[in-house]
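Pasting protein-v5.txt here (compact mmCIF, C-alpha atoms):
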```
# COMPACT_ATOMS: atom_id res chain seq x y z
CA MET A 674 -21.82 21.43 3.68
CA ARG A 675 -21.78 22.66 0.12
CA ARG A 676 -20.12 20.47 -2.41
CA GLN A 677 -16.75 21.76 -3.43
CA PHE A 678 -15.01 21.25 -6.75
CA GLU A 679 -11.67 22.15 -8.21
CA SER A 680 -11.37 25.25 -10.31
CA PRO A 681 -8.50 25.10 -12.81
CA ILE A 682 -8.55 28.87 -13.30
CA VAL A 683 -8.02 29.60 -9.61
CA LEU A 684 -5.36 26.92 -9.38
CA LEU A 685 -3.53 28.31 -12.42
CA GLY A 686 -3.62 31.82 -10.97
CA ALA A 687 -2.30 30.60 -7.63
CA ARG A 688 0.46 28.62 -9.35
CA LEU A 689 1.44 31.71 -11.31
CA LEU A 690 1.49 33.98 -8.26
CA SER A 691 2.97 31.72 -5.59
CA PRO A 692 6.66 31.60 -6.69
CA TYR A 693 6.87 35.37 -6.99
CA ILE A 694 5.46 35.82 -3.48
CA MET A 695 8.02 33.32 -2.20
CA VAL A 696 10.91 35.11 -3.91
CA PHE A 697 9.69 38.42 -2.51
CA GLY A 698 9.54 36.87 0.96
CA TRP A 699 13.17 35.75 0.75
CA TYR A 700 14.05 39.22 -0.55
CA VAL A 701 12.38 40.82 2.49
CA ILE A 702 14.32 38.52 4.83
CA ILE A 703 17.74 38.86 3.18
CA HIS A 704 17.43 42.57 2.42
CA GLY A 705 16.23 43.42 5.90
CA HIS A 706 19.58 45.03 6.68
CA TYR A 707 18.94 47.86 4.22
CA SER A 708 15.19 48.27 3.97
CA PRO A 709 12.11 47.75 6.12
CA GLY A 710 11.57 44.08 6.70
CA GLY A 711 13.07 41.21 8.57
CA GLY A 712 12.35 37.72 9.69
CA PHE A 713 8.76 38.06 10.85
CA GLN A 714 7.51 39.94 7.79
CA GLY A 715 9.38 37.76 5.34
CA GLY A 716 8.18 34.62 7.09
CA ALA A 717 4.60 35.81 6.80
CA LEU A 718 5.11 36.34 3.06
CA LEU A 719 6.59 32.85 2.65
CA ALA A 720 3.62 31.42 4.53
CA ALA A 721 1.29 33.39 2.24
CA SER A 722 2.82 31.81 -0.84
CA VAL A 723 2.48 28.31 0.65
CA LEU A 724 -1.05 28.88 1.93
CA LEU A 725 -2.18 30.21 -1.46
CA ILE A 726 -1.47 26.84 -3.03
CA ARG A 727 -3.16 25.08 -0.12
CA VAL A 728 -6.33 27.16 -0.37
CA ALA A 729 -6.53 26.95 -4.15
CA GLY A 730 -5.57 23.33 -4.74
CA GLY A 731 -6.59 21.36 -1.71
CA ARG A 732 -4.65 18.74 0.12
CA ARG A 733 -3.67 16.60 -2.82
CA VAL A 734 -1.91 19.40 -4.69
CA ALA A 735 -0.41 20.91 -1.54
CA ARG A 736 1.25 17.59 -0.78
CA LEU A 737 3.63 18.29 -3.67
CA GLN A 738 4.96 21.51 -2.07
CA ILE A 739 5.42 21.19 1.69
CA GLN A 740 3.96 18.10 3.27
CA GLU A 741 1.99 18.29 6.48
CA PHE A 742 4.43 16.34 8.61
CA ALA A 743 7.30 18.61 7.53
CA THR A 744 6.02 21.79 9.18
CA THR A 745 6.79 20.88 12.79
CA PRO A 746 10.45 19.94 12.11
CA LEU A 747 10.88 23.15 10.08
CA ALA A 748 9.62 25.22 13.02
CA ILE A 749 11.99 23.41 15.36
CA ILE A 750 14.87 23.99 12.93
CA GLY A 751 14.10 27.71 12.86
CA VAL A 752 14.11 28.02 16.64
CA VAL A 753 17.24 25.88 16.93
CA ILE A 754 19.11 28.05 14.41
CA TYR A 755 18.50 31.10 16.59
CA PHE A 756 19.31 29.32 19.84
CA ALA A 757 22.42 27.62 18.44
CA THR A 758 23.79 30.95 17.22
CA GLY A 759 23.60 32.29 20.75
CA LEU A 760 24.95 29.10 22.24
CA VAL A 761 27.93 28.90 19.85
CA SER A 762 28.90 32.48 20.58
CA MET A 763 28.66 31.70 24.28
CA ALA A 764 30.80 28.59 23.84
CA MET A 765 33.46 30.59 21.99
CA GLY A 766 33.93 32.92 24.92
CA GLY A 767 31.42 35.72 24.37
CA TYR A 768 28.08 36.45 25.92
CA PHE A 769 24.83 34.73 24.91
CA LEU A 770 23.84 36.03 21.45
CA ASP A 771 26.97 38.16 21.24
CA TYR A 772 27.67 37.63 17.56
CA SER A 773 31.15 39.11 17.62
CA ALA A 774 32.40 35.83 19.14
CA LEU A 775 31.14 33.64 16.30
CA PRO A 776 33.87 31.36 14.91
CA ILE A 777 33.95 32.65 11.33
CA PRO A 778 37.54 33.41 10.25
CA GLY A 779 38.58 36.55 8.45
CA MET A 780 36.00 39.01 9.75
CA ASP A 781 36.21 41.87 12.18
CA PRO A 782 33.55 42.06 14.93
CA ALA A 783 31.31 44.50 13.06
CA TRP A 784 30.94 42.20 10.05
CA LEU A 785 30.51 39.24 12.40
CA ARG A 786 27.54 41.01 13.96
CA TYR A 787 26.20 41.69 10.46
CA THR A 788 26.44 37.97 9.64
CA GLY A 789 24.91 36.96 12.96
CA ILE A 790 21.88 39.19 12.39
CA LEU A 791 21.46 37.62 8.93
CA ILE A 792 21.61 34.08 10.37
CA ILE A 793 18.99 34.73 13.03
CA GLU A 794 16.70 36.48 10.54
CA VAL A 795 16.73 33.36 8.37
CA GLY A 796 15.91 31.29 11.45
CA ILE A 797 13.00 33.54 12.38
CA GLY A 798 11.67 33.44 8.81
CA LEU A 799 11.75 29.65 8.69
CA ALA A 800 10.01 29.33 12.06
CA VAL A 801 7.28 31.86 11.25
CA MET A 802 6.55 30.26 7.87
CA ALA A 803 6.37 26.76 9.30
CA ILE A 804 4.21 27.81 12.24
CA LEU A 805 1.65 29.69 10.13
CA VAL A 806 1.36 26.75 7.74
CA MET A 807 1.11 24.41 10.72
CA ILE A 808 -1.77 26.42 12.23
CA TYR A 809 -3.63 26.31 8.92
CA ASP A 810 -3.09 22.57 8.54
CA ASN A 811 -4.31 21.84 12.03
CA MET A 812 -7.40 24.01 11.59
CA VAL A 813 -8.58 22.41 8.35
CA ARG A 814 -7.67 18.86 9.26
CA GLY A 815 -11.18 17.75 10.14
CA GLU A 816 -12.86 19.42 7.16
CA ASP A 817 -13.96 17.58 4.07
CA TYR A 818 -12.07 19.42 1.42
CA ASP A 819 -10.16 17.64 -1.31
CA MET B 170 -29.91 55.93 25.38
CA LYS B 171 -28.44 56.86 22.02
CA ALA B 172 -27.85 60.40 23.17
CA PHE B 173 -26.03 58.97 26.18
CA LYS B 174 -23.69 56.99 23.93
CA VAL B 175 -22.98 60.05 21.80
CA LEU B 176 -22.31 62.05 24.95
CA ILE B 177 -19.85 59.41 26.21
CA LEU B 178 -18.04 59.37 22.87
CA ALA B 179 -17.84 63.16 22.74
CA LEU B 180 -16.52 63.27 26.28
CA PHE B 181 -13.87 60.68 25.49
CA ALA B 182 -12.85 62.52 22.32
CA GLY B 183 -12.56 65.70 24.35
CA ILE B 184 -10.30 64.00 26.89
CA LEU B 185 -8.10 62.59 24.12
CA ILE B 186 -7.79 65.94 22.32
CA TYR B 187 -6.93 67.66 25.58
CA ALA B 188 -4.28 65.03 26.30
CA ALA B 189 -2.85 65.23 22.78
CA SER B 190 -2.40 68.98 23.06
CA ASP B 191 0.26 68.34 25.69
CA LEU B 192 2.39 65.95 23.61
CA PRO B 193 5.88 67.09 22.58
CA PHE B 194 6.37 68.23 19.00
CA ARG B 195 7.76 65.66 16.63
CA GLY B 196 11.39 66.14 15.64
CA ASP B 197 12.06 68.72 18.30
CA PRO B 198 15.72 68.23 19.34
CA ASP B 199 14.99 69.51 22.84
CA ASN B 200 12.68 66.61 23.63
CA LEU B 201 13.46 64.51 26.66
CA MET B 202 13.72 61.33 24.64
CA HIS B 203 16.42 62.85 22.45
CA ALA B 204 18.55 64.05 25.33
CA GLU B 205 21.77 62.26 26.19
CA GLU B 206 20.86 62.09 29.85
CA SER B 207 17.48 61.55 31.38
CA ILE B 208 16.05 63.60 34.25
CA THR B 209 17.62 61.33 36.85
CA GLY B 210 21.06 61.58 35.28
CA THR B 211 21.25 58.14 33.70
CA PRO B 212 22.25 57.79 30.03
CA VAL B 213 19.46 57.25 27.51
CA LYS B 214 19.88 53.99 25.61
CA GLY B 215 18.19 55.16 22.41
CA ASN B 216 20.80 57.85 22.00
CA TYR B 217 23.56 55.24 22.11
CA PHE B 218 21.71 53.07 19.58
CA ILE B 219 21.28 55.96 17.15
CA GLN B 220 24.91 57.02 17.39
CA ASN B 221 26.58 53.61 17.32
CA ALA B 222 24.31 51.25 15.37
CA TYR B 223 26.13 51.59 12.07
CA ARG B 224 29.59 51.53 13.62
CA ASP B 225 28.85 48.37 15.61
CA THR B 226 27.23 46.26 12.92
CA ARG B 227 27.71 47.93 9.49
CA THR B 228 23.93 47.75 9.05
CA PRO B 229 22.12 50.89 7.91
CA ASN B 230 18.71 49.75 9.16
CA MET B 231 18.68 50.79 12.80
CA VAL B 232 15.50 48.86 13.61
CA THR B 233 17.07 45.60 12.49
CA VAL B 234 20.11 46.28 14.65
CA VAL B 235 18.02 46.95 17.74
CA LEU B 236 15.80 43.90 17.12
CA GLY B 237 18.54 41.52 16.10
CA ASP B 238 21.57 42.57 18.07
CA TYR B 239 20.98 44.89 21.01
CA ARG B 240 17.66 43.35 22.01
CA SER B 241 18.09 39.89 20.54
CA ILE B 242 16.98 37.99 23.62
CA ASP B 243 13.63 39.76 23.37
CA THR B 244 13.32 38.64 19.75
CA PHE B 245 14.20 35.12 20.80
CA GLY B 246 11.36 35.30 23.32
CA GLU B 247 8.96 36.40 20.57
CA GLN B 248 9.99 33.47 18.44
CA VAL B 249 9.46 31.07 21.33
CA VAL B 250 6.02 32.62 21.89
CA ILE B 251 4.82 31.98 18.33
CA TYR B 252 6.40 28.54 18.42
CA THR B 253 4.37 27.79 21.54
CA ALA B 254 1.25 29.06 19.77
CA GLY B 255 1.88 26.60 16.93
CA LEU B 256 2.36 23.75 19.36
CA ILE B 257 -0.87 24.68 21.17
CA THR B 258 -2.81 24.43 17.91
CA LEU B 259 -1.14 21.08 17.36
CA LEU B 260 -2.37 19.89 20.74
CA VAL B 261 -5.84 21.44 20.78
CA LEU B 262 -7.09 21.39 17.19
CA ARG B 263 -5.67 18.17 15.81
CA LYS B 264 -8.37 15.55 15.83
CA THR B 265 -7.28 12.14 16.90
CA ARG B 266 -9.25 9.27 15.52
CA ARG B 267 -10.84 7.56 18.48
CA ARG B 268 -12.10 4.05 18.16
CA ARG B 269 -15.72 3.83 19.17
CA LYS B 270 -16.97 0.71 20.84
```
Full structure transcribed into structure tokens:
Amino acid sequence: MRRQFESPIVLLGARLLSPYIMVFGWYVIIHGHYSPGGGFQGGALLAASVLLIRVAGGRRVARLQIQEFATTPLAIIGVVIYFATGLVSMAMGGYFLDYSALPIPGMDPAWLRYTGILIIEVGIGLAVMAILVMIYDNMVRGEDYD
Amino acid sequence: MKAFKVLILALFAGILIYAASDLPFRGDPDNLMHAEESITGTPVKGNYFIQNAYRDTRTPNMVTVVLGDYRSIDTFGEQVVIYTAGLITLLVLRKTRRRRK
């Protein structure tokens, strides 16, 4: 295997670019009600911003951002957010994933559905980001980078 | 042999062009998929989604409404699918350090 070394220029460029990609990913998730986008696309953008640091900096730098053991719990949290939204609305007397039964006071059913869609999009985004980062981590685990 | 491949490709392209000439025109309001009732007399779901998506959820993006509200169990299934894919990579690709005797 060829010897690898750190490049400060590449790392600086990745550090400059990564926060903007992450902000744009959250924008795609949150603004999915009004423009093309949603949980899957925004989650892929969030994963791109995390993976850019991992590719450019190696394991030692990436440990500062999202650690390797944190990806599996994040994926589980994302799935549980979605499932718990459906389960809460079922426990409050509606159907499964019927957001108009969510227990948020002071909203009519249309705005409750709006809020429910927003909650599940955030859950999907978290799960997609964590799973893509987890796949990358598991694939490069045996390699001799860093 | 090369002429045979070219012939196969040309034949396939001919079949596709012939099939595409029978497609309905885009945006034609008389299309079957834009009708309120299908041929068998049942209501078409897409018509309901187009008419009532904004009134039900106050969300202008109709695709988000269909993915997140009307067909949300399908989206939940997709999320479980990619979650399973992540777990499979965890099981298959992660190298465990095995003590060698």
Write out as a short mmCIF file (atom, residue, chain, number, x, y, z; two decimals) with C-alpha atoms, in the coordinates of the input every residue belonging to chain A that has an atom at most 8 Å from any atom of chain B, counting all atoms listed in the file.
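Contents of iface.cif, freshly written:
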```cif
data_model
loop_
_atom_site.label_atom_id
_atom_site.label_comp_id
_atom_site.auth_asym_id
_atom_site.auth_seq_id
_atom_site.Cartn_x
_atom_site.Cartn_y
_atom_site.Cartn_z
CA GLY A 705 16.23 43.42 5.90
CA HIS A 706 19.58 45.03 6.68
CA TYR A 707 18.94 47.86 4.22
CA SER A 708 15.19 48.27 3.97
CA PRO A 709 12.11 47.75 6.12
CA GLY A 711 13.07 41.21 8.57
CA ALA A 748 9.62 25.22 13.02
CA VAL A 752 14.11 28.02 16.64
CA TYR A 755 18.50 31.10 16.59
CA PHE A 756 19.31 29.32 19.84
CA LEU A 770 23.84 36.03 21.45
CA ASP A 771 26.97 38.16 21.24
CA TYR A 772 27.67 37.63 17.56
CA PRO A 782 33.55 42.06 14.93
CA ALA A 783 31.31 44.50 13.06
CA TRP A 784 30.94 42.20 10.05
CA LEU A 785 30.51 39.24 12.40
CA ARG A 786 27.54 41.01 13.96
CA TYR A 787 26.20 41.69 10.46
CA ILE A 790 21.88 39.19 12.39
CA ILE A 793 18.99 34.73 13.03
CA GLU A 794 16.70 36.48 10.54
CA ILE A 797 13.00 33.54 12.38
CA ALA A 800 10.01 29.33 12.06
CA VAL A 801 7.28 31.86 11.25
CA ILE A 804 4.21 27.81 12.24
CA LEU A 805 1.65 29.69 10.13
CA MET A 807 1.11 24.41 10.72
CA ILE A 808 -1.77 26.42 12.23
CA ASN A 811 -4.31 21.84 12.03
CA MET A 812 -7.40 24.01 11.59
CA ARG A 814 -7.67 18.86 9.26
CA GLY A 815 -11.18 17.75 10.14
#
```
Expressed in Å, the length from CA of Leu684 in chain A to CA of Arg727 in chain A is 9.7 Å
Contact residues around range 737-739 of chain A with all atoms listed in the file at 12 Å, ignoring same-chain residues under 4 positions, as a list in words |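 Surrounding residues, per the criterion: Arg688, Ser691, Pro692, Leu719, Ala720, Ser722, Val723, Leu724, Leu725, Ile726, Arg727, Gly730, Gly731, Arg732, Arg733, Ala743, Thr744, Thr745, Pro746, Leu747, Met802, Ala803, Val806, Met807 and Asp810 of chain A.
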request  = Using only C-alpha atoms, pick whichever of A:Leu689, A:Val795, A:Val761, A:Val813 has the shortest atom-to-atom distance to His704 in chain A.
outcome  =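 Checking each of A:Leu689, A:Val795, A:Val761, A:Val813 against His704 in chain A, counting only C-alpha atoms, the winner is A:Val795.
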Expressed in Å, the length from CA of Pro193 in chain B to CA of Asp243 in chain B is 28.4 Å
Rounded to one decimal, what separation in Å do you get between CA of Gln740 in chain A and CA of Ala721 in chain A?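 CA of Ala721 in chain A lies at a distance of 15.6 Å from CA of Gln740 in chain A.
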